[in-house]
>>> print(open('structure_36.txt').read())   # compact mmCIF, C-alpha atoms
# COMPACT_ATOMS: atom_id res chain seq x y z
CA MET G 84 187.98 141.19 172.27
CA ILE G 85 187.73 142.17 175.94
CA ARG G 86 186.29 145.56 175.05
CA LYS G 87 183.55 143.98 172.93
CA ILE G 88 182.58 141.62 175.75
CA ALA G 89 182.50 144.48 178.26
CA LEU G 90 180.17 146.48 176.01
CA PHE G 91 177.69 143.63 175.59
CA PRO G 92 175.92 144.12 178.98
CA ILE G 93 175.59 147.85 178.30
CA LEU G 94 174.11 147.26 174.86
CA LEU G 95 171.75 144.66 176.28
CA VAL G 96 170.46 147.16 178.88
CA ILE G 97 169.89 149.76 176.15
CA VAL G 98 167.95 147.32 173.97
CA VAL G 99 165.79 146.14 176.88
CA PHE G 100 165.12 149.74 177.95
CA GLN G 101 164.10 150.77 174.44
CA SER G 102 161.84 147.72 174.16
CA SER G 103 160.15 148.56 177.45
CA LEU G 104 159.45 152.07 176.18
CA GLY G 105 157.67 150.55 173.20
CA LEU G 106 155.55 148.39 175.49
CA ALA G 107 154.40 151.47 177.38
CA GLU G 108 152.85 152.85 174.19
CA GLU G 109 149.12 152.25 174.09
CA LYS G 110 148.38 149.76 171.32
CA HIS G 111 144.71 149.07 170.97
CA PHE G 112 143.95 149.69 167.31
CA GLN G 113 142.77 146.88 165.11
CA THR G 114 145.28 146.43 162.31
CA THR G 115 145.72 144.29 159.24
CA LEU G 116 148.30 141.53 159.12
CA PHE G 117 150.79 144.18 157.99
CA GLY G 118 149.86 146.62 160.77
CA TRP G 119 147.70 149.03 158.78
CA GLY G 120 145.02 150.85 160.79
CA ALA G 121 141.58 151.20 159.19
CA GLU G 122 142.54 148.50 156.66
CA GLY G 123 144.96 150.98 155.08
CA TYR G 124 142.27 153.54 154.29
CA ASP G 125 142.81 157.26 154.76
CA VAL G 126 140.86 158.14 157.92
CA VAL G 127 141.09 161.87 157.20
CA ALA G 128 139.33 161.38 153.85
CA TYR G 129 136.16 160.18 155.61
CA PHE G 130 135.89 163.72 157.00
CA THR G 131 137.27 165.80 154.13
CA GLU G 132 135.94 163.88 151.11
CA GLY G 133 132.96 162.16 152.72
CA LYS G 134 133.98 158.77 151.38
CA PRO G 135 136.47 155.96 151.96
CA VAL G 136 139.75 156.45 150.09
CA GLU G 137 142.61 153.97 150.07
CA GLY G 138 145.81 155.34 151.51
CA LYS G 139 149.25 155.08 149.95
CA SER G 140 152.29 153.63 151.67
CA GLU G 141 154.39 156.70 150.89
CA PHE G 142 152.06 158.82 153.05
CA ARG G 143 152.42 156.80 156.23
CA PHE G 144 152.27 157.88 159.87
CA ASP G 145 152.85 155.51 162.80
CA TRP G 146 150.72 156.15 165.87
CA LYS G 147 149.69 154.02 168.85
CA GLY G 148 150.93 150.75 167.44
CA ALA G 149 149.33 151.11 164.00
CA LYS G 150 150.60 152.28 160.65
CA TRP G 151 148.20 154.80 159.15
CA ARG G 152 148.15 155.40 155.39
CA PHE G 153 146.87 158.51 153.67
CA ALA G 154 145.96 159.50 150.13
CA SER G 155 148.11 162.62 150.34
CA ALA G 156 150.82 164.30 152.37
CA ALA G 157 148.28 166.97 153.37
CA ASN G 158 145.98 164.36 154.93
CA ARG G 159 148.91 162.70 156.69
CA ASP G 160 149.94 166.05 158.11
CA LYS G 161 146.40 166.83 159.32
CA PHE G 162 146.37 163.50 161.10
CA ALA G 163 149.80 164.05 162.66
CA VAL G 164 148.63 167.30 164.25
CA ASN G 165 145.53 165.75 165.86
CA PRO G 166 145.24 161.95 165.47
CA GLU G 167 142.40 161.66 168.00
CA LYS G 168 140.20 163.79 165.74
CA TYR G 169 140.45 161.30 162.88
CA THR G 170 141.01 157.82 164.29
CA PRO G 171 138.00 155.55 164.37
CA GLN G 172 136.23 154.99 167.62
CA TYR G 173 136.71 151.77 169.62
CA GLY G 174 140.16 151.10 168.28
CA GLY G 175 138.89 150.75 164.74
CA TYR G 176 136.84 147.66 165.56
CA CYS G 177 133.25 147.36 164.43
CA ALA G 178 131.27 149.87 166.47
CA TYR G 179 128.14 147.72 166.44
CA ALA G 180 130.08 144.68 167.69
CA VAL G 181 131.53 146.74 170.54
CA SER G 182 127.99 147.84 171.45
CA GLN G 183 127.12 144.14 171.73
CA GLY G 184 130.11 143.34 173.94
CA TYR G 185 132.66 141.89 171.51
CA THR G 186 135.09 143.03 168.82
CA ALA G 187 134.94 142.35 165.09
CA SER G 188 136.90 143.41 162.05
CA ILE G 189 135.63 146.10 159.70
CA ASP G 190 134.85 146.86 156.10
CA PRO G 191 136.24 150.35 155.33
CA GLU G 192 133.23 150.90 153.04
CA ALA G 193 130.85 150.54 156.03
CA TRP G 194 131.34 153.76 157.95
CA SER G 195 129.60 156.71 159.58
CA VAL G 196 130.73 160.05 160.92
CA VAL G 197 128.54 161.01 163.86
CA GLU G 198 129.07 164.25 165.76
CA GLY G 199 132.59 164.54 164.38
CA LYS G 200 133.64 160.97 165.21
CA LEU G 201 134.38 158.11 162.82
CA TYR G 202 132.66 154.78 163.38
CA LEU G 203 133.43 151.70 161.30
CA ASN G 204 131.31 148.58 160.92
CA TYR G 205 131.83 144.96 159.95
CA SER G 206 129.77 145.25 156.77
CA LYS G 207 127.22 147.47 155.06
CA GLY G 208 124.50 145.18 156.41
CA VAL G 209 125.74 145.67 159.96
CA ARG G 210 125.95 149.42 159.29
CA ALA G 211 122.25 149.35 158.34
CA THR G 212 121.48 147.81 161.75
CA TRP G 213 123.79 150.35 163.44
CA GLN G 214 121.93 153.22 161.77
CA LYS G 215 118.61 152.14 163.30
CA ASP G 216 119.72 153.33 166.78
CA ILE G 217 123.09 155.04 166.51
CA ALA G 218 122.75 156.94 169.79
CA GLY G 219 121.77 153.81 171.72
CA TYR G 220 124.53 151.73 170.18
CA ILE G 221 127.11 154.42 170.90
CA GLN G 222 125.95 154.57 174.52
CA SER G 223 126.33 150.78 174.86
CA ALA G 224 129.67 150.73 173.03
CA ASP G 225 131.04 153.52 175.24
CA LYS G 226 130.22 151.38 178.28
CA ASN G 227 131.67 148.18 176.79
CA TRP G 228 134.85 149.58 175.22
CA PRO G 229 137.01 150.02 178.38
CA SER G 230 136.75 146.34 179.36
CA LEU G 231 137.09 145.13 175.77
CA LYS G 232 140.15 147.33 175.27
CA ALA G 233 141.70 146.00 178.46
CA GLY G 234 141.42 142.46 177.09
CA LEU G 235 143.20 143.19 173.82
>>> encode(input="structure_36.txt", output="structure tokens")
Amino acid sequence: MIRKIALFPILLVIVVFQSSLGLAEEKHFQTTLFGWGAEGYDVVAYFTEGKPVEGKSEFRFDWKGAKWRFASAANRDKFAVNPEKYTPQYGGYCAYAVSQGYTASIDPEAWSVVEGKLYLNYSKGVRATWQKDIAGYIQSADKNWPSLKAGL
């Protein structure tokens, strides 16, 4: 019994240290209730197939506080090599909303790839507005995102 009690403080320190390492990880991606980034859609497929494709749980990759699902092991592996290439801009929040100074959820069917970057929008209607001045909205969103991200 004495040995178990003596080990408790050591185990407590290990658990607290591991928890603090997790807190140091940047976590700014919008996720579903279950932690899925991009609403569980395969972010690589937007680039490779040119359309939204639902991911599968068996092809999962955890990165920056979100669980990312993919339609195939090949897409998961592409993502694992270079996640920044595929993750949506502005933490996966609606790009138009960020350009306006706030965050909003997304519809995975409302998307655009612009100059090799993925942008998601709240709805197809919002995407239509976004498409009227993509460059201007990106410029505004780029300015707004650091302070919005800091508040998440």
>>> residues_around(input="structure_36.txt", residues="Ala224 (chain G)", least_positions_apart="3", cutoff="7 Å", atoms="all atoms listed in the file", output="JSON, numbers by chain")
{"G": [178, 181, 182, 220, 221, 227, 228]}
>>> residues_around(input="structure_36.txt", residues="Leu235 (chain G)", least_positions_apart="3", cutoff="12 Å", atoms="all atoms listed in the file", output="number ranges by chain")
G: 109-113, 173-174, 176, 185-186, 228-232
>>> closest_residue(input="structure_36.txt", among="G:Thr131, G:Ser188, G:Ser223, G:Thr212", to="Phe162 (chain G)", atoms="all atoms listed in the file")
G:Thr131
>>> residues_near_point(input="structure_36.txt", point="(143.1, 165.1, 165.7)", cutoff="12 Å", atoms="only C-alpha atoms", output="list in words")
Val126, Val127, Phe130, Trp146, Asn158, Arg159, Asp160, Lys161, Phe162, Ala163, Val164, Asn165, Pro166, Glu167, Lys168, Tyr169, Thr170, Pro171, Gly199, Lys200 and Leu201 of chain G
>>> closest_residue(input="structure_36.txt", among="G:Tyr205, G:Ser195, G:Gly219, G:Gln214", to="Gly133 (chain G)", atoms="only C-alpha atoms")
G:Ser195
